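Single-structure report; data block below.
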Amino acid sequence: MKGTQQETATGTYSTGAQYNVTSGSTWTSSNAKVFTVSAGLAKGLAVGTATTTATANLPVPMQACNEQECEFAGMFQTVPGTVPQPPTITSVSPSPLIFGATGGILTINGYGFSVYSGTTLTINFDSSSITATGSVVAGSDTQIMGTYSVACDATLGASISFGGGGDGLTGQSGQFGINVALPTAPTPAIKLGGNTISGTQSVVVGQQIALSTSFSLPPCMSISSQQWSQVPGDAIAGYTNDGTVNGGPPDPTGGQVADLADVASNTSAYTFYWVYPDNSLNMTYSYTMSGGGGSVGSQVATATFNVAGPSGGTMTNAHATKLTINTLSSSGSTSPYLDYGNLSGTVASPTCTPCGITFTASGFSNTAGGAYLFVQLINSDNVGGSSTCNSPIGLDSGSYPYPSQSAGETSDSPLVRLDPTDTTITRSFNATMYVMWQSTTAGSIPVPLGYQTWAFAGSASCSASCSSASNWTAKTTGTPGPVGAFVASTAEQADSGYPTWDADATGCD
Amino acid sequence: MKNSLALALIAAAAAAPIPGQTVMAPSHQPFSIAISTARTSVKAGAAVWVRIRLTNTSDHEINASVARAREVDVNYDYDVRQVGGGTVDKLDKHDMSKIIQTVVVRALKPGEATEEESRVSRMCKMIEPGEYAIQVSRPISDDPGDGVVKSNTITVTVTP
């Protein structure tokens, strides 16, 4: 060989990538008398045969490449030194990407990124639902920082590859798989009456327990299901009597208890009423949110309640022992009356010594913050003889609540006027008086405390001059007054112990 | 002066009692009555209820006893008139109150109030479509000469 000849040396990664390592190698000639070689440039000196060898310096620092990429294929030996590296991604954070994220922070780690320094990168994914931009951290070859967004139409579970192509990480060899996952479901907060609560709540029987929840769903997510726990203790969904619930008058449809089982508990709001005192009652709420074809459940929120209320008392009674004939005036005229009790004066303003039966709530604890009320149901009221009336049964005279005569006390002294044309009047009366208690909390309903059934029966007869009370004779049948003992309300009773009725006891038309 | 006299005459006319009935001037009334209804429009044949609130405005206890028959407290008088002058058939109160289911003897202390509902349409026939003016009154005492206290007037529309 005469003159010079430029030789080149090519290194090949096991991945197939090839690089010119001519200048990065040490060149030697097997016979320096034939030719010498430097940086691949061979200079001929004499006629003969010799071999040129190029030994590459260390191709890639071990810490900057994976095992495969660090191995040169072919004729090169591993010696210290550097060679240009392809941009290579080794990890991405967060991983997986968060479904619905908008402008989330994205960190890409790898090496060979310095070739993009000073450039804003559009990072390409093979899903148009994911977009990201970033730039190489100043002075770094190994990190790109940027932001990313995952649109609501993204699909979960699919391996998303990015890199290569477009104006993104061109030169990146291969693809990097990354998933999209749903965000964590925020923990719900339970509200009582619109106020967020924590710790144990002190409430009272009959108080409106209007529960709702508070949390912010992540973007692109919607609630697919939600559930309140079964209400512990004895609770009802409401008590309708139309006198207080609907703000209207007593309703012939009557008084009814709304069963909690008939109220959906898979809604965001849940309202009920505890009827009896109890402690450490837990209500829980959780939900499942969905999006992108997947779903994730929330943590369970718990609220604990202590329910206070009247307990331990009774309703005493004082009652007349017979029916009597008395003269009362009404609208300016006087008439004899058959009455249970001993009444005098006027119908509008009578005096009773005694009244027929007087009820008094007694001995109940925890009655502060509320008031007693009464409800009387007529079980039977039959008048016979000269006048006949079999009253419908139900709420006494359409009066809800039954009139109190003072706090925690009421009475009844039913009357029948004895007209001059009457000669015999009989009356058989049976009723049940309920004592209830209602708190002053907003939206409360009354709760039952107990009841007492009572009755009287008797007759009045007259043979002549029946406009005068003195010509009438009263006869009492049996023992008027309470029938049996006071019965305290319990959760085990029908309708949780509430008085219920289908109609008013209207008397007779 | 003329205007003042005219106003005085109008005021006197407005407060004029029903013949044979004395209405005490509000400032001297021992109690007041306010009525209301939850349903100012009802279908013909439906029940019309009024809520009656009795308040002791005096400085002493007053009688506030209840005597209920047929869903009506017969201790009140119910004046129902069809707006436009039509008369309203009314059951005789004496007949209404032969059998009294509920008698509660009670008093109200000064400042106390009590409420109850009465089914006014049971005593007064309000079956013809139209507007009805309802007013309630209660005797001040057992002595008719003491007069009555009247409530405000409310209007209920009965629709076909």
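Ordered as shown in the structure tokens, chains take letters A, B, and onward, while each chain numbers its residues from 1 and ligands are numbered from 1 in the order shown.
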When the cut-off is 7 Å and we count only C-alpha atoms, which residues of chain B are near chain A, given as a compact mmCIF listing (two decimals) with N, CA and C atoms, in the first residue's frame?
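Now in selection.txt:
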```txt
# COMPACT_ATOMS: atom_id res chain seq x y z
N ALA B 38 -104.54 25.77 56.10
CA ALA B 38 -103.42 25.29 55.28
C ALA B 38 -103.82 25.17 53.82
N TRP B 49 -110.84 22.97 56.92
CA TRP B 49 -110.43 23.07 58.32
C TRP B 49 -109.85 24.45 58.57
N ASN B 63 -110.55 31.29 80.72
CA ASN B 63 -111.04 29.96 80.38
C ASN B 63 -110.71 29.66 78.92
N SER B 65 -111.45 26.25 77.73
CA SER B 65 -111.89 24.85 77.70
C SER B 65 -112.30 24.45 76.29
N ALA B 67 -114.61 21.78 73.94
CA ALA B 67 -115.73 20.85 73.85
C ALA B 67 -115.89 20.50 72.38
N ARG B 68 -115.46 19.31 72.03
CA ARG B 68 -115.44 18.93 70.61
C ARG B 68 -116.50 17.88 70.30
N ALA B 69 -117.21 18.19 69.25
CA ALA B 69 -118.20 17.25 68.72
C ALA B 69 -118.10 17.29 67.21
N ARG B 70 -118.04 16.14 66.62
CA ARG B 70 -117.99 16.03 65.16
C ARG B 70 -116.86 16.86 64.56
N GLU B 71 -115.73 16.79 65.14
CA GLU B 71 -114.51 17.44 64.66
C GLU B 71 -114.54 18.97 64.77
N ASN B 75 -117.32 25.36 71.32
CA ASN B 75 -117.21 26.56 72.14
C ASN B 75 -116.97 27.81 71.30
N LYS B 98 -125.07 17.75 70.86
CA LYS B 98 -125.78 16.83 71.77
C LYS B 98 -124.82 15.81 72.38
N ILE B 99 -124.00 15.23 71.51
CA ILE B 99 -123.04 14.24 72.00
C ILE B 99 -121.64 14.83 71.87
N ILE B 100 -121.02 15.06 72.98
CA ILE B 100 -119.69 15.68 72.97
C ILE B 100 -118.66 14.64 73.37
N GLN B 101 -117.74 14.40 72.47
CA GLN B 101 -116.73 13.36 72.70
C GLN B 101 -115.60 13.84 73.58
N THR B 102 -115.25 15.10 73.42
CA THR B 102 -114.06 15.60 74.10
C THR B 102 -114.41 16.81 74.94
N VAL B 103 -114.18 16.72 76.20
CA VAL B 103 -114.32 17.88 77.08
C VAL B 103 -113.04 18.00 77.88
N VAL B 104 -112.33 19.08 77.66
CA VAL B 104 -111.10 19.34 78.40
C VAL B 104 -111.26 20.68 79.10
N VAL B 105 -111.23 20.64 80.40
CA VAL B 105 -111.35 21.86 81.19
C VAL B 105 -109.97 22.45 81.38
N ARG B 106 -109.79 23.63 80.92
CA ARG B 106 -108.45 24.21 81.03
C ARG B 106 -108.50 25.73 81.06
N GLU B 117 -107.68 22.63 65.71
CA GLU B 117 -108.28 22.66 64.38
C GLU B 117 -109.76 22.35 64.49
N ASP B 142 -119.36 33.44 80.44
CA ASP B 142 -120.65 32.76 80.44
C ASP B 142 -121.80 33.76 80.33
```
Quick one: residues within 6 Å of region 466-482 of chain A, only C-alpha atoms counted, chain neighbours fewer than 3 positions away excluded, as a PDB file with C-alpha atoms, in the first residue's frame?
```pdb
ATOM      1  CA  HIS A 319    -110.902   9.270  87.502  1.00  0.00           C
ATOM      2  CA  THR A 321    -116.163   6.393  89.750  1.00  0.00           C
ATOM      3  CA  LYS A 322    -119.578   6.973  88.240  1.00  0.00           C
ATOM      4  CA  LEU A 323    -121.649   8.741  85.661  1.00  0.00           C
ATOM      5  CA  THR A 324    -123.756  11.666  86.863  1.00  0.00           C
ATOM      6  CA  PRO A 336    -129.460  18.141  81.850  1.00  0.00           C
ATOM      7  CA  PRO A 420    -136.916  16.808  76.794  1.00  0.00           C
ATOM      8  CA  THR A 453    -106.972   2.492  77.803  1.00  0.00           C
ATOM      9  CA  TRP A 454    -110.025   3.642  79.690  1.00  0.00           C
ATOM     10  CA  ALA A 455    -113.771   3.216  79.470  1.00  0.00           C
ATOM     11  CA  PHE A 456    -117.113   3.937  80.988  1.00  0.00           C
ATOM     12  CA  ALA A 457    -120.650   2.745  80.411  1.00  0.00           C
ATOM     13  CA  GLY A 458    -123.972   3.664  81.854  1.00  0.00           C
ATOM     14  CA  SER A 459    -127.359   5.134  81.219  1.00  0.00           C
ATOM     15  CA  ALA A 460    -129.747   7.926  82.104  1.00  0.00           C
ATOM     16  CA  SER A 461    -133.459   7.470  82.368  1.00  0.00           C
ATOM     17  CA  CYS A 462    -136.384   9.769  82.930  1.00  0.00           C
TER      18      CYS A 462
END
```
One-decimal distance in Å that lies between CA of Gly146 (chain A) and CA of Leu106 (chain A):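 Value for the CA of Leu106 (chain A)-CA of Gly146 (chain A) distance: 5.0 Å.
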- prompt: Could you pull the residues within 9 Å of Val42 (chain B), counting only C-alpha atoms, minus those fewer than 2 positions along the same chain, as a ChimeraX atom specification?
  reply: /B:39-40,44-48,156-160
- request: Please provide the set of residues having any atom within 7 Å of region 213-228 of chain A, restricted to only C-alpha atoms, with same-chain residues fewer than 3 positions apart removed, written as an NGL selection string.
  value: :A and (100 or 152 or 186-191 or 265-268 or 284-291)
- prompt: What gap, in Å, lies between CA of Ala181 (chain A) and CA of Ile98 (chain A)?
  reply: 5.4 Å
Shell around region 56-62 of chain B at 8 Å using only C-alpha atoms, local window under 2 positions removed, as a list in words: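 What passes the distance filter is Gln29, Pro30, Phe31, Ser32, Leu54, Ala64, Ala107, Leu108, Lys109, Pro110, Gly111, Glu112 and Ala113 of chain B.
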Go ahead and write the selection's residues with N, CA and C atoms as a PDB file, in the first residue's frame.
```pdb
ATOM      1  N   GLN B  29    -110.166  43.399  75.063  1.00  0.00           N
ATOM      2  CA  GLN B  29    -110.444  41.971  74.958  1.00  0.00           C
ATOM      3  C   GLN B  29    -109.453  41.184  75.807  1.00  0.00           C
ATOM      4  N   PRO B  30    -109.962  40.205  76.560  1.00  0.00           N
ATOM      5  CA  PRO B  30    -109.042  39.408  77.388  1.00  0.00           C
ATOM      6  C   PRO B  30    -108.263  38.372  76.581  1.00  0.00           C
ATOM      7  N   PHE B  31    -108.706  38.142  75.382  1.00  0.00           N
ATOM      8  CA  PHE B  31    -107.976  37.190  74.534  1.00  0.00           C
ATOM      9  C   PHE B  31    -108.162  37.574  73.070  1.00  0.00           C
ATOM     10  N   SER B  32    -107.338  37.007  72.262  1.00  0.00           N
ATOM     11  CA  SER B  32    -107.458  37.243  70.813  1.00  0.00           C
ATOM     12  C   SER B  32    -107.579  35.893  70.114  1.00  0.00           C
ATOM     13  N   LEU B  54    -105.836  30.689  70.061  1.00  0.00           N
ATOM     14  CA  LEU B  54    -106.425  31.494  71.134  1.00  0.00           C
ATOM     15  C   LEU B  54    -105.296  31.963  72.046  1.00  0.00           C
ATOM     16  N   ALA B  64    -110.226  28.481  78.679  1.00  0.00           N
ATOM     17  CA  ALA B  64    -109.931  28.069  77.301  1.00  0.00           C
ATOM     18  C   ALA B  64    -110.349  26.610  77.127  1.00  0.00           C
ATOM     19  N   ALA B 107    -107.419  26.309  81.502  1.00  0.00           N
ATOM     20  CA  ALA B 107    -107.275  27.760  81.571  1.00  0.00           C
ATOM     21  C   ALA B 107    -105.958  28.152  80.924  1.00  0.00           C
ATOM     22  N   LEU B 108    -105.924  29.384  80.452  1.00  0.00           N
ATOM     23  CA  LEU B 108    -104.677  29.917  79.886  1.00  0.00           C
ATOM     24  C   LEU B 108    -104.165  31.022  80.783  1.00  0.00           C
ATOM     25  N   LYS B 109    -102.888  30.967  81.081  1.00  0.00           N
ATOM     26  CA  LYS B 109    -102.282  32.036  81.861  1.00  0.00           C
ATOM     27  C   LYS B 109    -101.993  33.224  80.946  1.00  0.00           C
ATOM     28  N   PRO B 110    -101.771  34.387  81.543  1.00  0.00           N
ATOM     29  CA  PRO B 110    -101.477  35.559  80.702  1.00  0.00           C
ATOM     30  C   PRO B 110    -100.332  35.279  79.731  1.00  0.00           C
ATOM     31  N   GLY B 111    -100.550  35.600  78.502  1.00  0.00           N
ATOM     32  CA  GLY B 111     -99.527  35.419  77.477  1.00  0.00           C
ATOM     33  C   GLY B 111     -99.526  34.047  76.836  1.00  0.00           C
ATOM     34  N   GLU B 112    -100.176  33.082  77.441  1.00  0.00           N
ATOM     35  CA  GLU B 112    -100.204  31.733  76.868  1.00  0.00           C
ATOM     36  C   GLU B 112    -101.149  31.668  75.672  1.00  0.00           C
ATOM     37  N   ALA B 113    -100.882  30.708  74.836  1.00  0.00           N
ATOM     38  CA  ALA B 113    -101.725  30.517  73.654  1.00  0.00           C
ATOM     39  C   ALA B 113    -101.946  29.030  73.435  1.00  0.00           C
TER      40      ALA B 113
END
```
Find the residues near Gly206 (chain A): any atom within 8 Å, counting only C-alpha atoms, skip ones fewer than 5 places away on the same chain, and give them as a PDB file with N, CA and C atoms, in the first residue's frame.
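out-v7.pdb, written as the output of this step:
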```pdb
ATOM      1  N   TYR A 273     -85.702   8.958  61.917  1.00  0.00           N
ATOM      2  CA  TYR A 273     -85.932   9.425  63.291  1.00  0.00           C
ATOM      3  C   TYR A 273     -85.746   8.244  64.241  1.00  0.00           C
ATOM      4  N   TRP A 274     -84.940   8.420  65.246  1.00  0.00           N
ATOM      5  CA  TRP A 274     -84.865   7.388  66.273  1.00  0.00           C
ATOM      6  C   TRP A 274     -86.020   7.587  67.242  1.00  0.00           C
ATOM      7  N   VAL A 275     -86.605   6.460  67.659  1.00  0.00           N
ATOM      8  CA  VAL A 275     -87.803   6.524  68.493  1.00  0.00           C
ATOM      9  C   VAL A 275     -87.483   6.306  69.967  1.00  0.00           C
ATOM     10  N   GLN A 438     -92.259  15.398  72.287  1.00  0.00           N
ATOM     11  CA  GLN A 438     -91.650  15.915  71.061  1.00  0.00           C
ATOM     12  C   GLN A 438     -90.595  16.950  71.413  1.00  0.00           C
ATOM     13  N   SER A 439     -89.428  16.761  70.833  1.00  0.00           N
ATOM     14  CA  SER A 439     -88.337  17.707  71.098  1.00  0.00           C
ATOM     15  C   SER A 439     -88.571  18.986  70.313  1.00  0.00           C
ATOM     16  N   SER A 444     -88.596  17.895  64.074  1.00  0.00           N
ATOM     17  CA  SER A 444     -88.771  16.693  64.892  1.00  0.00           C
ATOM     18  C   SER A 444     -90.186  16.135  64.753  1.00  0.00           C
ATOM     19  N   ILE A 445     -90.336  14.889  65.156  1.00  0.00           N
ATOM     20  CA  ILE A 445     -91.646  14.262  65.248  1.00  0.00           C
ATOM     21  C   ILE A 445     -91.839  13.785  66.684  1.00  0.00           C
ATOM     22  N   PRO A 446     -93.073  13.620  67.115  1.00  0.00           N
ATOM     23  CA  PRO A 446     -93.284  13.103  68.472  1.00  0.00           C
ATOM     24  C   PRO A 446     -92.913  11.632  68.549  1.00  0.00           C
ATOM     25  N   VAL A 447     -92.584  11.205  69.739  1.00  0.00           N
ATOM     26  CA  VAL A 447     -92.310   9.783  69.972  1.00  0.00           C
ATOM     27  C   VAL A 447     -93.257   9.298  71.061  1.00  0.00           C
TER      28      VAL A 447
END
```
message: Taking the DSSP secondary structure from the backbone, can you list the residues of region 1-155 of chain B that are strand (DSSP E), as number ranges by chain?
response: B: 31-36, 41-43, 49-56, 62-63, 66-69, 72-73, 77-82, 99-100, 102-104, 107-108, 113-119, 130-139, 148-155
Atomic distance CA of Ser38 (chain A) - CA of Glu7 (chain A), expressed in Å with one decimal: 9.5 Å
Spatial neighbours of Asp77 (chain B), 9 Å, only C-alpha atoms, chain gap at least 2 places, as a list in words: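 The neighbour list is Asp73, Val74, Asn75, Asp79, Lys93, Gln135, Val136, Ser137, Arg138 and Pro139 of chain B.
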Write a file of the selected residues as a short mmCIF file (atom, residue, chain, number, x, y, z; two decimals), in the first residue's frame, keeping C-alpha atoms.
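Result went into selection_29.cif, see below:
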```
data_model
loop_
_atom_site.label_atom_id
_atom_site.label_comp_id
_atom_site.auth_asym_id
_atom_site.auth_seq_id
_atom_site.Cartn_x
_atom_site.Cartn_y
_atom_site.Cartn_z
CA ASP B 73 -114.96 22.81 68.93
CA VAL B 74 -118.48 23.92 69.75
CA ASN B 75 -117.21 26.56 72.14
CA ASP B 79 -119.53 32.62 60.64
CA LYS B 93 -125.16 24.32 67.01
CA GLN B 135 -114.64 34.17 60.79
CA VAL B 136 -114.65 32.60 64.22
CA SER B 137 -115.80 34.07 67.50
CA ARG B 138 -115.85 33.01 71.13
CA PRO B 139 -117.84 34.36 74.05
#
```
message: According to DSSP computed on the backbone, where in region 10-154 of chain B is there helix (DSSP H, G or I)? Give the residues as a list of chain:residue names.
response: B:Ile10, B:Ala11, B:Ala12, B:Ala13, B:Ala14, B:Pro26, B:Ser27, B:His28, B:Lys93, B:His94, B:Asp95, B:Met96, B:Val120, B:Ser121, B:Arg122, B:Met123, B:Pro144, B:Gly145, B:Asp146
Would you output that residue set with N, CA and C atoms, as a tab-separated table (two decimals), in the first residue's frame?
```tsv
chain	number	residue	atom	x	y	z
B	10	ILE	N	-116.30	55.37	59.39
B	10	ILE	CA	-115.96	54.12	58.70
B	10	ILE	C	-115.46	53.09	59.69
B	11	ALA	N	-114.62	53.54	60.62
B	11	ALA	CA	-114.08	52.62	61.61
B	11	ALA	C	-115.19	52.05	62.47
B	12	ALA	N	-116.14	52.90	62.84
B	12	ALA	CA	-117.25	52.43	63.66
B	12	ALA	C	-118.07	51.40	62.90
B	13	ALA	N	-118.28	51.65	61.60
B	13	ALA	CA	-119.06	50.70	60.81
B	13	ALA	C	-118.35	49.37	60.70
B	14	ALA	N	-117.04	49.41	60.52
B	14	ALA	CA	-116.28	48.17	60.37
B	14	ALA	C	-116.35	47.32	61.63
B	26	PRO	N	-110.85	45.75	70.76
B	26	PRO	CA	-109.65	44.91	70.89
B	26	PRO	C	-108.80	45.23	72.10
B	27	SER	N	-108.70	46.49	72.43
B	27	SER	CA	-107.83	46.86	73.54
B	27	SER	C	-108.35	46.34	74.88
B	28	HIS	N	-109.64	46.02	74.92
B	28	HIS	CA	-110.22	45.53	76.17
B	28	HIS	C	-110.51	44.04	76.14
B	93	LYS	N	-126.21	24.64	66.04
B	93	LYS	CA	-125.16	24.32	67.01
B	93	LYS	C	-125.71	23.45	68.14
B	94	HIS	N	-126.96	23.68	68.47
B	94	HIS	CA	-127.58	22.88	69.54
B	94	HIS	C	-127.62	21.41	69.13
B	95	ASP	N	-127.95	21.17	67.85
B	95	ASP	CA	-127.96	19.79	67.37
B	95	ASP	C	-126.55	19.21	67.32
B	96	MET	N	-125.64	20.05	66.90
B	96	MET	CA	-124.24	19.59	66.77
B	96	MET	C	-123.67	19.11	68.10
B	120	VAL	N	-114.66	23.31	59.85
B	120	VAL	CA	-115.75	24.27	59.74
B	120	VAL	C	-116.78	23.83	58.71
B	121	SER	N	-116.35	23.07	57.73
B	121	SER	CA	-117.29	22.64	56.69
B	121	SER	C	-118.28	21.60	57.20
B	122	ARG	N	-118.04	21.07	58.39
B	122	ARG	CA	-119.03	20.13	58.94
B	122	ARG	C	-120.22	20.89	59.50
B	123	MET	N	-119.95	22.08	60.01
B	123	MET	CA	-121.05	22.87	60.56
B	123	MET	C	-121.68	23.75	59.49
B	144	PRO	N	-123.68	36.35	78.40
B	144	PRO	CA	-123.77	36.82	77.01
B	144	PRO	C	-123.56	38.33	76.89
B	145	GLY	N	-123.85	39.04	77.94
B	145	GLY	CA	-123.69	40.48	77.90
B	145	GLY	C	-122.24	40.92	77.80
B	146	ASP	N	-121.33	40.05	78.07
B	146	ASP	CA	-119.91	40.42	77.98
B	146	ASP	C	-119.41	40.44	76.54
```
